[in-house]
Structures are given as C-alpha cells and as structure tokens.
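Source file work.txt; content: compact mmCIF, C-alpha atoms.
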```
# COMPACT_ATOMS: atom_id res chain seq x y z
CA MET A 244 23.90 33.98 -11.19
CA PRO A 245 27.02 31.76 -11.48
CA LEU A 246 30.30 32.65 -9.82
CA LEU A 247 32.37 35.11 -11.88
CA PHE A 248 35.89 36.52 -11.28
CA ILE A 249 36.60 39.98 -12.74
CA GLU A 250 40.02 41.35 -13.69
CA VAL A 251 40.27 44.99 -14.81
CA ASP A 252 43.17 46.08 -17.05
CA ASN A 253 44.00 49.74 -17.80
CA CYS A 254 46.03 48.75 -20.86
CA HIS A 255 49.42 49.16 -19.19
CA GLU A 256 50.36 45.41 -19.14
CA THR A 257 51.45 43.24 -22.00
CA ALA A 258 49.69 40.09 -23.12
CA GLU A 259 52.39 37.98 -21.44
CA GLU A 260 51.82 39.69 -18.11
CA LEU A 261 48.08 39.18 -18.36
CA ALA A 262 48.62 35.52 -19.29
CA ALA A 263 50.76 35.08 -16.14
CA LYS A 264 47.88 36.43 -14.05
CA LEU A 265 45.46 34.01 -15.67
CA GLU A 266 47.91 31.16 -14.92
CA LYS A 267 47.68 32.11 -11.26
CA TYR A 268 43.88 31.97 -11.50
CA ALA A 269 44.12 28.47 -12.99
CA ARG A 270 46.52 27.24 -10.27
CA PHE A 271 44.16 28.63 -7.64
CA PHE A 272 41.18 26.83 -9.21
CA ARG A 273 43.11 23.54 -9.28
CA ARG A 274 43.88 23.61 -5.56
CA THR A 275 41.87 21.09 -3.54
CA VAL A 276 41.12 20.63 0.16
CA LYS A 277 39.27 18.05 2.18
CA ASP A 278 35.72 19.12 2.86
CA THR A 279 33.78 18.39 6.05
CA ASP A 280 32.78 14.98 4.65
CA GLY A 281 36.43 14.00 4.09
CA LYS A 282 36.29 14.22 0.28
CA GLU A 283 38.67 16.25 -1.88
CA ARG A 284 37.01 19.31 -3.38
CA PRO A 285 38.25 22.44 -5.17
CA MET A 286 39.15 25.00 -2.56
CA TRP A 287 37.28 27.81 -4.32
CA SER A 288 34.02 25.80 -4.05
CA THR A 289 34.39 25.79 -0.25
CA ARG A 290 34.85 29.57 -0.14
CA TRP A 291 31.97 30.61 -2.43
CA ALA A 292 28.47 29.17 -2.68
CA VAL A 293 27.97 27.93 -6.25
CA PRO A 294 25.07 25.93 -7.72
CA GLU A 295 25.60 22.34 -8.78
CA ASN A 296 26.40 21.97 -12.46
CA GLU A 297 23.35 20.37 -14.07
CA TYR A 298 25.33 18.80 -16.93
CA GLY A 299 27.77 16.74 -14.88
CA GLU A 300 30.85 18.81 -15.81
CA MET A 301 33.13 20.69 -13.43
CA PRO A 302 34.46 23.74 -15.32
CA HIS A 303 36.44 26.31 -13.39
CA PRO A 304 34.75 29.66 -12.66
CA PRO A 305 34.94 32.06 -15.61
CA VAL A 306 37.24 35.10 -15.56
CA LEU A 307 35.99 38.36 -17.08
CA LEU A 308 38.72 40.74 -18.38
CA VAL A 309 37.45 44.33 -18.55
CA PHE A 310 39.75 46.59 -20.62
CA ASN A 311 39.77 50.28 -19.72
CA HIS A 312 41.68 51.93 -22.57
CA ILE A 313 43.62 54.63 -20.75
CA GLY A 314 47.19 53.24 -21.22
CA GLU A 315 49.44 52.99 -24.25
CA ARG A 316 48.53 49.37 -24.99
CA ASN A 317 45.98 48.71 -27.73
CA PRO A 318 43.40 46.10 -26.52
CA ASN A 319 42.67 45.05 -30.10
CA ARG A 320 46.27 43.79 -30.38
CA THR A 321 46.59 42.50 -26.83
CA ILE A 322 43.47 40.30 -26.89
CA PRO A 323 44.45 38.06 -29.89
CA ARG A 324 47.92 37.50 -28.42
CA LEU A 325 46.45 36.74 -24.97
CA GLU A 326 44.04 34.25 -26.55
CA GLU A 327 46.91 32.26 -28.05
CA LEU A 328 49.00 32.34 -24.87
CA THR A 329 46.11 30.98 -22.73
CA ARG A 330 44.66 28.43 -25.17
CA HIS A 331 45.60 25.52 -22.88
CA LEU A 332 43.53 27.11 -20.09
CA TRP A 333 40.23 27.73 -21.90
CA GLN A 334 40.08 25.43 -24.96
CA GLY A 335 37.38 22.75 -24.68
CA GLN A 336 37.08 19.31 -26.25
CA TRP A 337 34.71 18.86 -29.18
CA LEU A 338 32.37 15.90 -28.76
CA PRO A 339 30.39 14.03 -31.44
CA GLU A 340 27.13 15.05 -29.77
CA GLY A 341 27.66 18.57 -31.13
CA TYR A 342 29.12 20.63 -28.27
CA HIS A 343 32.37 21.43 -26.50
CA SER A 344 33.15 19.99 -23.09
CA TYR A 345 34.86 22.49 -20.79
CA ASP A 346 35.46 20.11 -17.89
CA ARG A 347 38.42 21.39 -15.80
CA ARG A 348 38.76 24.37 -18.12
CA MET A 349 38.64 28.08 -17.28
CA PRO A 350 36.35 30.20 -19.50
CA ILE A 351 37.95 33.57 -20.33
CA VAL A 352 35.68 36.44 -21.49
CA VAL A 353 36.81 39.93 -22.54
CA VAL A 354 34.85 43.21 -22.90
CA GLY A 355 35.58 46.92 -23.22
CA LEU A 356 34.54 49.16 -20.38
CA ARG A 357 32.97 51.65 -22.78
CA SER A 358 30.81 48.94 -24.42
CA LEU A 359 29.87 47.53 -21.02
CA ARG A 360 28.66 50.96 -19.87
CA GLU A 361 26.71 51.48 -23.08
CA HIS A 362 24.99 48.08 -23.46
CA GLY A 363 25.13 46.49 -20.00
CA PRO A 364 25.44 42.75 -19.23
CA GLN A 365 22.57 41.90 -21.60
CA GLY A 366 24.25 43.48 -24.61
CA LEU A 367 26.06 41.43 -27.26
CA VAL A 368 29.49 42.85 -26.42
CA PHE A 369 31.21 39.97 -24.61
CA PHE A 370 33.81 37.90 -26.47
CA ARG A 371 34.73 34.47 -25.12
CA PHE A 372 38.03 32.98 -26.18
CA GLY A 373 37.38 30.26 -28.74
CA ARG A 374 34.14 31.75 -30.11
CA ASP A 375 33.75 33.87 -33.21
CA ARG A 376 30.90 36.20 -32.30
CA PRO A 377 29.90 38.49 -29.42
CA GLN A 378 27.32 37.26 -26.92
CA SER A 379 25.51 38.36 -23.81
CA LEU A 380 27.28 37.75 -20.54
CA LEU A 381 25.23 34.68 -19.54
CA ASP A 382 25.68 33.06 -22.96
CA ALA A 383 29.38 33.88 -22.97
CA ILE A 384 30.13 32.22 -19.64
CA GLY A 385 27.71 29.34 -20.31
CA ASN A 386 27.58 26.49 -22.82
CA PRO A 387 24.49 27.00 -25.04
CA ARG A 388 25.25 24.06 -27.32
CA LEU A 389 25.48 21.70 -24.35
CA ALA A 390 22.22 23.11 -22.98
CA ALA A 391 20.54 22.55 -26.38
CA VAL A 392 21.77 18.94 -26.49
CA HIS A 393 20.42 18.22 -23.02
CA ALA A 394 17.15 19.94 -23.90
CA ARG A 395 16.75 17.60 -26.88
CA GLU A 396 17.59 14.60 -24.71
CA ARG A 397 15.01 15.66 -22.12
CA GLU A 398 12.40 16.02 -24.85
CA LYS A 399 13.21 12.55 -26.19
CA ALA A 400 13.01 11.14 -22.68
CA ARG A 401 9.65 12.86 -22.19
CA VAL A 402 8.33 11.36 -25.44
CA ARG A 403 9.60 7.90 -24.46
CA GLN A 404 8.01 8.23 -21.03
CA ALA A 405 4.71 9.30 -22.58
CA GLU A 406 4.79 6.32 -24.96
CA TYR A 407 5.61 4.00 -22.07
CA GLN A 408 2.74 5.36 -19.99
CA ALA A 409 0.41 4.93 -22.98
CA GLN A 410 1.52 1.30 -23.28
CA LEU A 411 0.88 0.76 -19.58
CA ARG A 412 -2.60 2.25 -19.89
CA GLU A 413 -3.33 0.04 -22.90
CA ILE A 414 -2.17 -3.06 -20.99
CA ALA A 415 -4.30 -2.04 -18.00
CA ARG A 416 -7.36 -1.62 -20.26
CA GLU A 417 -6.78 -5.05 -21.81
CA GLN A 418 -6.41 -6.66 -18.38
CA ALA A 419 -9.55 -4.92 -17.15
CA ALA A 420 -11.46 -6.16 -20.20
CA LYS A 421 -10.23 -9.72 -19.61
CA LYS A 422 -11.22 -9.52 -15.95
CA ALA A 423 -14.66 -8.22 -16.89
CA VAL A 424 -15.17 -11.12 -19.35
CA GLU A 425 -13.97 -13.62 -16.75
CA ALA A 426 -16.21 -12.10 -14.08
CA ALA A 427 -19.21 -12.27 -16.44
CA ARG A 428 -18.44 -15.90 -17.25
CA GLU A 429 -18.11 -16.81 -13.56
CA ALA A 430 -21.34 -14.95 -12.78
CA ALA A 431 -23.13 -16.87 -15.55
CA GLN A 432 -21.79 -20.18 -14.23
CA ARG A 433 -22.84 -19.25 -10.70
CA GLU A 434 -26.35 -18.33 -11.84
CA ALA A 435 -26.60 -21.59 -13.77
CA SER A 436 -25.69 -23.56 -10.63
CA ARG A 437 -27.92 -21.52 -8.28
CA PRO A 438 -30.35 -23.91 -6.50
CA ALA A 439 -34.10 -23.67 -7.00
CA CYS A 440 -36.72 -24.14 -4.30
CA ALA A 441 -38.21 -27.65 -4.34
CA GLY A 442 -41.55 -26.16 -3.35
CA CYS A 443 -42.17 -23.11 -5.51
CA GLY A 444 -39.30 -23.40 -7.99
CA ALA A 445 -37.93 -19.91 -7.24
CA ARG A 446 -34.18 -19.41 -7.34
CA PHE A 447 -32.41 -19.03 -4.00
CA THR A 448 -31.10 -15.64 -2.98
CA ASP A 449 -27.40 -15.38 -2.16
CA GLU A 450 -28.17 -15.30 1.56
CA ARG A 451 -30.45 -18.34 1.37
CA TRP A 452 -27.95 -20.23 -0.79
CA GLU A 453 -25.17 -19.58 1.73
CA ALA A 454 -27.37 -20.57 4.68
CA ALA A 455 -28.54 -23.78 2.95
CA GLU A 456 -24.95 -24.91 2.28
CA GLU A 457 -23.63 -24.15 5.77
CA THR A 458 -22.40 -27.25 7.57
CA ASP A 459 -21.34 -28.15 11.09
CA TRP A 460 -18.76 -30.92 11.27
CA GLY A 461 -19.71 -32.05 7.79
CA ARG A 462 -23.49 -32.06 8.41
CA LEU A 463 -25.94 -29.52 7.08
CA VAL A 464 -27.08 -26.96 9.63
CA ASP A 465 -30.24 -25.88 7.82
CA THR A 466 -33.30 -28.06 8.49
CA HIS A 467 -34.80 -27.50 5.02
CA PRO A 468 -31.88 -26.90 2.64
CA HIS A 469 -34.03 -27.52 -0.46
CA LEU A 470 -36.64 -24.85 0.33
CA CYS A 471 -36.56 -21.07 0.02
CA ASP A 472 -37.19 -18.87 3.04
CA ASP A 473 -40.93 -18.50 2.37
CA CYS A 474 -41.54 -22.20 1.73
CA LYS A 475 -39.42 -23.13 4.72
CA ALA A 476 -41.45 -20.85 6.97
CA VAL A 477 -44.70 -22.37 5.68
CA THR A 478 -43.38 -25.91 6.16
CA VAL A 479 -42.19 -25.25 9.70
CA ALA A 480 -45.45 -23.51 10.60
CA SER A 481 -47.55 -26.40 9.25
CA ALA A 482 -45.68 -29.05 11.24
CA ALA A 483 -48.20 -30.07 13.95
CA PRO A 484 -47.09 -31.64 17.27
CA THR A 485 -48.08 -35.20 18.25
CA PRO A 486 -51.71 -35.27 19.56
CA GLY A 487 -51.98 -35.63 23.32
CA ARG A 488 -48.27 -35.16 23.99
CA GLN A 489 -47.52 -31.55 22.98
CA GLU A 490 -48.72 -28.14 23.97
CA GLU A 491 -50.28 -25.82 21.45
CA HIS A 492 -48.15 -25.13 18.40
CA GLN A 493 -45.42 -22.54 18.84
CA GLU A 494 -43.86 -20.26 16.28
CA PRO A 495 -40.60 -21.67 14.91
CA LEU A 496 -37.44 -20.01 16.09
CA PRO A 497 -35.51 -17.89 13.58
CA GLU A 498 -32.57 -19.65 11.98
CA TRP A 499 -29.96 -17.39 13.60
CA GLU A 500 -31.47 -17.99 17.06
CA ARG A 501 -31.70 -21.73 16.45
CA GLN A 502 -28.04 -21.93 15.44
CA GLU A 503 -27.11 -19.92 18.52
CA PHE A 504 -27.98 -22.68 20.95
CA MET A 505 -28.75 -25.85 18.95
CA ARG A 506 -26.11 -28.53 18.88
CA LEU A 507 -27.92 -30.62 16.27
CA PRO A 508 -29.98 -29.31 13.35
CA HIS A 509 -32.77 -31.92 13.75
CA ARG A 510 -35.52 -31.70 16.38
CA PRO A 511 -35.12 -34.49 19.00
CA ARG A 512 -37.91 -36.88 19.92
CA CYS A 513 -38.77 -38.33 23.29
CA THR A 514 -37.39 -41.84 23.77
CA GLU A 515 -40.48 -42.79 25.80
CA CYS A 516 -43.48 -41.41 23.92
CA LYS A 517 -41.70 -40.65 20.61
CA ALA A 518 -43.17 -37.13 20.55
CA ALA A 519 -41.16 -34.27 19.01
CA PHE A 520 -39.67 -31.80 21.49
CA THR A 521 -41.10 -28.32 21.79
CA ASP A 522 -38.79 -25.41 21.06
CA GLU A 523 -38.36 -24.68 24.77
CA ARG A 524 -37.56 -28.32 25.57
CA TRP A 525 -35.21 -28.57 22.64
CA LYS A 526 -33.41 -25.42 23.76
CA ALA A 527 -33.14 -26.70 27.35
CA VAL A 528 -31.56 -30.07 26.47
CA GLU A 529 -29.42 -29.04 23.52
CA ARG A 530 -27.92 -25.69 24.62
CA THR A 531 -24.15 -25.63 24.15
CA GLY A 532 -23.41 -21.91 24.24
CA TRP A 533 -21.25 -19.97 26.66
CA HIS A 534 -24.07 -19.27 29.10
CA PRO A 535 -23.62 -20.84 32.56
CA LEU A 536 -26.64 -23.17 32.41
CA GLY A 537 -26.95 -26.40 34.33
CA GLN A 538 -27.14 -29.79 32.66
CA GLU A 539 -30.67 -31.08 32.05
CA LYS A 540 -31.41 -34.22 34.10
CA HIS A 541 -33.38 -36.03 31.42
CA PRO A 542 -32.12 -34.83 28.04
CA THR A 543 -33.79 -37.68 26.13
CA LEU A 544 -37.27 -37.20 27.56
CA CYS A 545 -39.90 -34.60 26.79
CA GLU A 546 -41.24 -32.40 29.60
CA ILE A 547 -44.26 -34.63 30.34
CA CYS A 548 -42.27 -37.87 30.40
CA ALA A 549 -39.54 -36.29 32.51
CA GLN A 550 -42.14 -35.13 35.04
CA GLU A 551 -43.75 -38.61 35.11
CA TYR A 552 -40.37 -40.16 35.66
CA ASP A 553 -39.65 -37.91 38.64
CA ASP A 554 -43.13 -38.58 40.07
CA SER A 555 -42.66 -42.35 39.73
CA ILE A 556 -39.34 -42.18 41.56
CA LYS A 557 -40.93 -40.22 44.40
CA ASN A 558 -43.85 -42.68 44.62
CA ALA A 559 -41.56 -45.70 44.50
CA TRP A 560 -39.08 -44.43 47.15
CA PRO A 561 -40.73 -41.72 49.21
CA ASP A 562 -37.75 -41.53 51.65
CA SER A 563 -35.02 -41.59 48.99
CA ARG A 564 -33.98 -38.02 49.65
CA THR A 565 -33.58 -38.49 53.42
CA ARG A 566 -29.94 -38.69 54.50
CA VAL A 567 -29.19 -40.43 57.81
CA SER A 568 -25.71 -40.75 59.27
CA THR A 569 -24.23 -44.20 59.74
CA GLU A 570 -24.25 -43.83 63.55
CA GLU A 571 -28.00 -43.11 63.70
CA ARG A 572 -29.00 -45.45 60.88
CA PRO A 573 -31.77 -47.85 62.08
CA GLU A 574 -31.82 -51.51 61.48
CA PRO A 575 -32.27 -52.39 57.83
CA SER A 576 -35.88 -52.93 56.88
CA PRO A 577 -37.33 -54.57 53.84
CA ALA A 578 -37.40 -52.40 50.74
CA PRO A 579 -40.81 -50.85 50.15
CA ARG A 580 -42.82 -52.27 47.34
CA PRO A 581 -43.50 -49.84 44.53
CA LYS A 582 -47.02 -48.80 43.84
CA SER A 583 -48.62 -50.54 40.98
CA GLY A 584 -49.80 -48.66 37.95
CA GLY A 585 -47.04 -46.02 38.06
CA TRP A 586 -44.56 -45.08 35.38
CA PHE A 587 -41.78 -47.04 37.13
CA SER A 588 -43.81 -50.25 36.94
CA ARG A 589 -43.43 -50.20 33.23
CA LEU A 590 -39.67 -50.13 33.67
CA ARG A 591 -39.75 -53.14 35.98
CA SER A 592 -41.78 -55.10 33.50
```

Mind converting the file's structure to structure tokens?
Amino acid sequence: MPLLFIEVDNCHETAEELAAKLEKYARFFRRTVKDTDGKERPMWSTRWAVPENEYGEMPHPPVLLVFNHIGERNPNRTIPRLEELTRHLWQGQWLPEGYHSYDRRMPIVVVGLRSLREHGPQGLVFFRFGRDRPQSLLDAIGNPRLAAVHAREREKARVRQAEYQAQLREIAREQAAKKAVEAAREAAQREASRPACAGCGARFTDERWEAAEETDWGRLVDTHPHLCDDCKAVTVASAAPTPGRQEEHQEPLPEWERQEFMRLPHRPRCTECKAAFTDERWKAVERTGWHPLGQEKHPTLCEICAQEYDDSIKNAWPDSRTRVSTEERPEPSPAPRPKSGGWFSRLRS
C-alpha cells in the first residue's frame, strides 16, 4: 500500500482555508534533507518507508480529504472551488504517449464519509481532482494510463526479446550445420589419407596410425611403420637370429616397453661378428631412462664377443689387475708375450 495522508473536514471551513492547508502539505513535501549517503532527498521519504516508484517519476504522496457533513458548509459547493484553488498543486502534464505525468505533483482525492462507510476503499466513490469519474482508492491515487503504457512497452520488449532469441537459435542451428558438414568433410579426407598395411592391405586403426607416425628427433620410432599390428607381430616373430651367434629366439618386446628404454628404434649389430643383438643385450647397451644403471663396458659388442674380449685381455695380461705401489714396485721386466690363437691376436694382426 502506498503512503497516503488523510485530512478530515467536518464542513466548517471554507474552500480557501482548506486550500491553505493543502499548501502547507505541498511545502512539507518539497522540503529536502541530506540522507545518510550525502544526497538530497525529500524529508518525508526519510520519515516513512515508501516503495520505489517503478515508472521513474517522483510524485508527492497523495492527500485524501474525507468530508463529514455535520457543519453548515455544503461539500458539493466546496469541492469544485477547492479544485480550482489547488490546480497548481495537483495538475499533471499531458504527454504524447497517452498519459499524464505527475512528477513533483500532489494528488488530491476527496470522498464522503457516508459513502466510504457504505462502499469501503474498493468502492467507486473516490474523486481525484482532474478526473471526471469516481474510482476505487488505488486507482484514484495511482496512474492507470501510465501503467497501461508501460505494460504495452513491456509486452513489446518481450516480443522483441523473443524474436531476438529465435534469431540467435536460428544462427546457432546454421553454425552447427556448417560445423557438421565441415567435420564430415574432414573425416572423409582423413579416411582417404589413412595408411594401408603393406602386408595385408588393411587400413590402420587410429592408434596404429599415430604410433607409426611418431618420431624422435625427426626419425621414426616405429620399426615397421608400413605394417599393421598383426603383420608387424608376425614379421618380428619370424625374424631369426644369426646361426651360431644368438641364443634361441625370444619374443619381441611390446612397443611401449621398447620405447621406454630404447634410444634408437633399430636393433644394433655386433661390430665384431655382425650378429643382431638380443633384446636383453639391446636393453643393456641402449637404456637411457631414469633408472640408476651403470654404463655398459662394451656397448658395440654382443654378449659372446664381449665375453671373448674380456677373456683375451685376461689371457694376454694375467697380472693387469694387480696394483703395486711405486715404493715396492720391482725392477721392470719384459712384457709378457700374448698367447697365440686368442681373440686379442686378431687385433694385433
């Protein structure tokens, strides 16, 4: 319920006296004070809690004159005269939009006490100065035409917003359709460029395609990039070691395990006998992971050739590991002659 001031008249005062009272109301409504935020506000709004005006106007609180006809004055003659005397207080400004603006104006409403008792605040017995028909109390102190204008504007804004949202949805559908067409085209191009196995002709899976194209410092990591997983497994399993130099064939390591410790993707060969390394030997000489492993002494030799090399060194210099201090060192003796027929003899020749 909005703020409402009530003045009761027993029909003893003239229209001029009542107009003087309403002038005092208007002067009181025009008084301003600084609020707690330092801004000037009407003093009455700091004394009474009133809702914010939703239409952006700041009309003064309405004044309700209730006439109790017990005096000698006739209200039917007093009210028209009072309306003319207070026109500058309540008269609004007509706007082209189809309503009156009552900004900084004081609505004045009159009613008879007998009619108020009979019909109550909902009855059509309240007359507002400037209007030609009785209204209910809320309509009399309000601005129905302004409310209707804002209701139409809100409806137009709602329609515009709905149209805008429909346009956004249509644009989103078009973009989604374009993306779907582009995705289908890219998928077709990708399928057209998908490699085929050189052995069986089957198309690579996505995982095999990615593994076959993986590189390390510009070099392919996969040992058989042109074969599918099945053909690669068959090829690796059928690779036989060099006769007389390798142990029995071992199962190939999985690709993920090979990449874990292999520095190079190609199996090394012994520089002495030219035999391919076993998986264990390859892992021992090529490990580059984070594990604290010692460096292999003969990384270019297979296990057999490395063992023969160590045996030849022991046979050639049997006392090579003996350490004698310089004070106890005996007289130099001729270097021992290496045994003939050993692995080291081939190096001397």

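Restricting the calculation to all atoms listed in the file, the smallest distance between Val306 in chain A and any of A:Arg371, A:Arg433, A:Arg360, A:His343 is found for A:Arg371.
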
Go through A:Val276, A:Cys443, A:Leu463, A:Ile384 one by one, measure the shortest atom-to-atom distance of each to Arg290 in chain A using only C-alpha atoms, and give the residue with the smallest value.
-> A:Val276

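Taking CA of Phe248 in chain A as the reference point, CA of Val352 in chain A is found at 10.2 Å.
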
Would you give the centre and edge lengths, in Å to one decimal, of a box along x, y and z around the listed atoms of range 363-367 of chain A, with 3 Å added to each side, as AutoDock Vina command-line options?
```
--center_x 24.3 --center_y 44.0 --center_z -23.2 --size_x 9.5 --size_y 11.1 --size_z 14.0
```

Pick from A:Glu539, A:Asp553, A:Glu256, A:Glu266 nearest to Asn311 in chain A, counting all atoms listed in the file = A:Glu256

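Pairwise distance (CA of Leu389 in chain A, CA of Arg274 in chain A) equals 26.4 Å.
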
Regenerate range 318-329 of chain A at the level of all heavy atoms and dump it as an mmCIF file, keeping the file's coordinate frame.
```cif
data_model
loop_
_atom_site.group_PDB
_atom_site.id
_atom_site.type_symbol
_atom_site.label_atom_id
_atom_site.label_comp_id
_atom_site.auth_asym_id
_atom_site.auth_seq_id
_atom_site.Cartn_x
_atom_site.Cartn_y
_atom_site.Cartn_z
ATOM 1 N N PRO A 318 44.070 47.364 -26.844
ATOM 2 C CA PRO A 318 43.400 46.100 -26.520
ATOM 3 C C PRO A 318 43.151 45.234 -27.747
ATOM 4 O O PRO A 318 43.157 44.004 -27.652
ATOM 5 C CB PRO A 318 42.081 46.558 -25.877
ATOM 6 C CG PRO A 318 42.322 47.956 -25.435
ATOM 7 C CD PRO A 318 43.301 48.540 -26.401
ATOM 8 N N ASN A 319 42.943 45.843 -28.893
ATOM 9 C CA ASN A 319 42.670 45.050 -30.100
ATOM 10 C C ASN A 319 43.877 44.219 -30.518
ATOM 11 O O ASN A 319 43.718 43.237 -31.248
ATOM 12 C CB ASN A 319 42.247 45.980 -31.242
ATOM 13 C CG ASN A 319 40.920 46.662 -30.951
ATOM 14 O OD1 ASN A 319 40.064 46.108 -30.265
ATOM 15 N ND2 ASN A 319 40.755 47.893 -31.451
ATOM 16 N N ARG A 320 45.073 44.593 -30.106
ATOM 17 C CA ARG A 320 46.270 43.790 -30.380
ATOM 18 C C ARG A 320 46.602 42.865 -29.204
ATOM 19 O O ARG A 320 47.151 41.776 -29.401
ATOM 20 C CB ARG A 320 47.462 44.712 -30.655
ATOM 21 C CG ARG A 320 47.313 45.541 -31.933
ATOM 22 C CD ARG A 320 48.549 46.408 -32.129
ATOM 23 N NE ARG A 320 48.412 47.226 -33.353
ATOM 24 C CZ ARG A 320 49.334 48.105 -33.780
ATOM 25 N NH1 ARG A 320 50.452 48.288 -33.061
ATOM 26 N NH2 ARG A 320 49.141 48.795 -34.881
ATOM 27 N N THR A 321 46.279 43.318 -28.008
ATOM 28 C CA THR A 321 46.590 42.500 -26.830
ATOM 29 C C THR A 321 45.702 41.267 -26.740
ATOM 30 O O THR A 321 46.163 40.170 -26.393
ATOM 31 C CB THR A 321 46.437 43.345 -25.546
ATOM 32 O OG1 THR A 321 47.268 44.503 -25.638
ATOM 33 C CG2 THR A 321 46.813 42.541 -24.312
ATOM 34 N N ILE A 322 44.424 41.407 -27.064
ATOM 35 C CA ILE A 322 43.470 40.300 -26.890
ATOM 36 C C ILE A 322 43.813 39.097 -27.761
ATOM 37 O O ILE A 322 43.841 37.964 -27.265
ATOM 38 C CB ILE A 322 42.042 40.812 -27.128
ATOM 39 C CG1 ILE A 322 41.626 41.771 -25.997
ATOM 40 C CG2 ILE A 322 41.064 39.640 -27.218
ATOM 41 C CD1 ILE A 322 40.272 42.423 -26.208
ATOM 42 N N PRO A 323 44.091 39.242 -29.095
ATOM 43 C CA PRO A 323 44.450 38.060 -29.890
ATOM 44 C C PRO A 323 45.700 37.353 -29.377
ATOM 45 O O PRO A 323 45.759 36.110 -29.355
ATOM 46 C CB PRO A 323 44.666 38.629 -31.302
ATOM 47 C CG PRO A 323 43.862 39.876 -31.324
ATOM 48 C CD PRO A 323 43.965 40.440 -29.936
ATOM 49 N N ARG A 324 46.711 38.118 -28.955
ATOM 50 C CA ARG A 324 47.920 37.500 -28.420
ATOM 51 C C ARG A 324 47.623 36.765 -27.114
ATOM 52 O O ARG A 324 48.116 35.659 -26.890
ATOM 53 C CB ARG A 324 48.971 38.605 -28.188
ATOM 54 C CG ARG A 324 50.265 38.151 -27.552
ATOM 55 C CD ARG A 324 50.966 37.111 -28.385
ATOM 56 N NE ARG A 324 52.222 36.714 -27.769
ATOM 57 C CZ ARG A 324 52.919 35.638 -28.121
ATOM 58 N NH1 ARG A 324 52.453 34.844 -29.100
ATOM 59 N NH2 ARG A 324 54.069 35.357 -27.534
ATOM 60 N N LEU A 325 46.816 37.380 -26.251
ATOM 61 C CA LEU A 325 46.450 36.740 -24.970
ATOM 62 C C LEU A 325 45.658 35.455 -25.217
ATOM 63 O O LEU A 325 45.807 34.465 -24.480
ATOM 64 C CB LEU A 325 45.652 37.721 -24.122
ATOM 65 C CG LEU A 325 45.193 37.234 -22.754
ATOM 66 C CD1 LEU A 325 46.382 36.921 -21.870
ATOM 67 C CD2 LEU A 325 44.307 38.290 -22.082
ATOM 68 N N GLU A 326 44.829 35.454 -26.237
ATOM 69 C CA GLU A 326 44.040 34.250 -26.550
ATOM 70 C C GLU A 326 44.935 33.073 -26.896
ATOM 71 O O GLU A 326 44.689 31.941 -26.475
ATOM 72 C CB GLU A 326 43.064 34.554 -27.683
ATOM 73 C CG GLU A 326 42.160 33.392 -28.059
ATOM 74 C CD GLU A 326 41.162 33.777 -29.139
ATOM 75 O OE1 GLU A 326 41.235 34.911 -29.654
ATOM 76 O OE2 GLU A 326 40.303 32.916 -29.476
ATOM 77 N N GLU A 327 45.997 33.335 -27.668
ATOM 78 C CA GLU A 327 46.910 32.260 -28.050
ATOM 79 C C GLU A 327 47.742 31.788 -26.859
ATOM 80 O O GLU A 327 47.985 30.591 -26.702
ATOM 81 C CB GLU A 327 47.835 32.743 -29.169
ATOM 82 C CG GLU A 327 47.128 32.948 -30.490
ATOM 83 C CD GLU A 327 46.543 31.639 -31.019
ATOM 84 O OE1 GLU A 327 47.163 30.574 -30.796
ATOM 85 O OE2 GLU A 327 45.469 31.682 -31.647
ATOM 86 N N LEU A 328 48.166 32.725 -26.012
ATOM 87 C CA LEU A 328 49.000 32.340 -24.870
ATOM 88 C C LEU A 328 48.228 31.521 -23.829
ATOM 89 O O LEU A 328 48.829 30.734 -23.076
ATOM 90 C CB LEU A 328 49.559 33.613 -24.206
ATOM 91 C CG LEU A 328 50.582 34.407 -25.019
ATOM 92 C CD1 LEU A 328 50.953 35.702 -24.300
ATOM 93 C CD2 LEU A 328 51.842 33.564 -25.274
ATOM 94 N N THR A 329 46.919 31.676 -23.763
ATOM 95 C CA THR A 329 46.110 30.980 -22.730
ATOM 96 C C THR A 329 45.220 29.881 -23.315
ATOM 97 O O THR A 329 44.285 29.435 -22.646
ATOM 98 C CB THR A 329 45.231 32.004 -21.993
ATOM 99 O OG1 THR A 329 44.378 32.666 -22.947
ATOM 100 C CG2 THR A 329 46.078 33.021 -21.256
#
```
